[in-house]
Amino acid sequence: MGAWSRQKFFRELAAGCLLPTAQQGVEQVWQLLLICLLCRLLWMTGLPPLFKHLSTVAGGFYVLYLFFELHMIWVVLLSLLCYLFLFLCRHSSMRGTFLSITVLIYLLLGELHMMDTSNWHKMRGSQIVVAMKAVSLAFDLDRGVVSEVPSPIQFMGYIYYVGTIIFGPWISFNSYKEALEGRQLSFSWLFKVSLSWLKSQSCLIVSNCVAPYLFPYFIPIYEDKLLRSKKRRKIRGSLPKWLLAYENTLSFHSSNYFVAYLSETTTTLAGAGYSQEKDKLRWDLTVSEPLDVEFPRSVAQAVASWNLPMTRFLRAYVFERAVKFGTFSAIMATYAASALLHGLSFHLCAVLASLGFITYVEHVLRKRLATVLNACVLSKKCQPNCSHRNKKAVWVYMINLAFSALAILHLTYLGSVFSSSVDYMEEDEDDFSHYAIQKWSELGWTSHWLTFASWILYRLVL
């Protein structure tokens, strides 16, 4: 594609994509932001706790109806089911386990039988947030972190907390109670809200307007050759296929960062998401760390940085309880729990199952290499006072760089199945299954073969 055509594309991009995307982003969430701010201001007036709980329930109901209309009843039914279970089992010491099973059954039945898949998937984010809050509260009751079963209005206030009910993230019951204290407005709070909002809109623009045209226009590696092949849907050669896969992955990643930063905005705007050191208040809620995902030390680091609150939830309430059965069992149980929360989608389950095997093999291989080479090559960065003899040698950096490159390849391969074209498919699981298999087949099943080769290497290294 000639230089003049690219210049014309960039001129039209602003009017045809950048501005409409930014405008649509504001139109969809301005009422949610306003309700979060109003609740925040209301809680600062010194109202009794009962009225604070009622206000967040009212705000949560309003925004649920705003986004899902009457389909919000399925979110309400899940919350009522959870509280009924907690009340009936208030004297049990296994509330967390039993409620987890109950919630998963409800989510599976909802996806399979209770309503059409399209509308159910639209509410998936809110369903996940409600499920995680209820399950974490049940486990905290079992462990004594929360002393007694909350009253119905306290429970509903927590579940429908307006800052998290639509986009998340998960917060604990104690964090919710701290948010209702109504901290004073400050410049650091306003700066955090503004910065998260700007980041969310930037990521939305990258997802919609930059990533789909990354290599044809922004980085024109193949000039017009790649453009013509993409239009014909017949891409020859392995490199163009990987470039297209990276475009799909970047677009998918950016859409996740958009939701993550937007959830930071709503949660902070509503008064949660802060930490306190002595008398200093820090508005430091972090939902995702894009740099650690795009340039990871390991696949495990990328997965953990994808959604930090969910990572903490899965670690505290799934991994740490399953680790007694072995590391592999704990890792697979964690990814299985994540897959069940996200719904019965073949390509998503396939990606999460693949991630489970990849992270386990990566962990054991690098642990073995760290022992044999006495070097800092673990999946997680070593502490400065670690016992490894080789810390800053050039070959240590090269090994870690090689694993970073391998992690980027794995993420590109797995993210390729989340193409924007999938969103417009009929809601037929066979279509999704066929698409995922086709994409991985085009890439030669590279990631799966490399994982198998890494496992063989792990078994050979003594």
# chains A, B, ... in the order shown; residues from 1 in each chain; ligands from 1
$ select_by_dssp --residues "segment 134-295 of chain A" --states "strand (DSSP E or B)" --output "PyMOL selection string"
chain A and resi 275-277+280-282
$ residues_around --residues "Val193 of chain A" --least-positions-apart "2" --cutoff "9 Å" --atoms "only C-alpha atoms" --output "PyMOL selection string"
chain A and resi 188-191+195-198+264-269
$ write_last_selection --atoms "C-alpha atoms" --output "CSV table (one decimal), in the first residue's frame"
chain,number,residue,atom,x,y,z
A,188,SER,CA,-5.1,11.9,44.9
A,189,TRP,CA,-8.6,10.4,44.6
A,190,LEU,CA,-9.5,12.6,41.7
A,191,PHE,CA,-6.2,12.0,40.0
A,195,LEU,CA,-6.0,8.6,35.1
A,196,SER,CA,-7.9,5.3,35.2
A,197,TRP,CA,-10.6,6.8,33.0
A,198,LEU,CA,-8.1,8.0,30.4
A,264,GLU,CA,-10.7,0.9,38.6
A,265,THR,CA,-12.6,4.1,37.7
A,266,THR,CA,-16.0,3.1,39.0
A,267,THR,CA,-14.7,1.4,42.1
A,268,THR,CA,-12.4,4.3,43.1
A,269,LEU,CA,-15.1,6.8,42.2
$ atom_distance --atom1 "atom CA of Thr21 of chain A" --atom2 "atom CA of Tyr257 of chain A"
15.4 Å
$ residues_around --residues "Val162 of chain A" --least-positions-apart "6" --cutoff "7 Å" --atoms "only C-alpha atoms" --output "ChimeraX atom specification"
/A:36,56,59-60
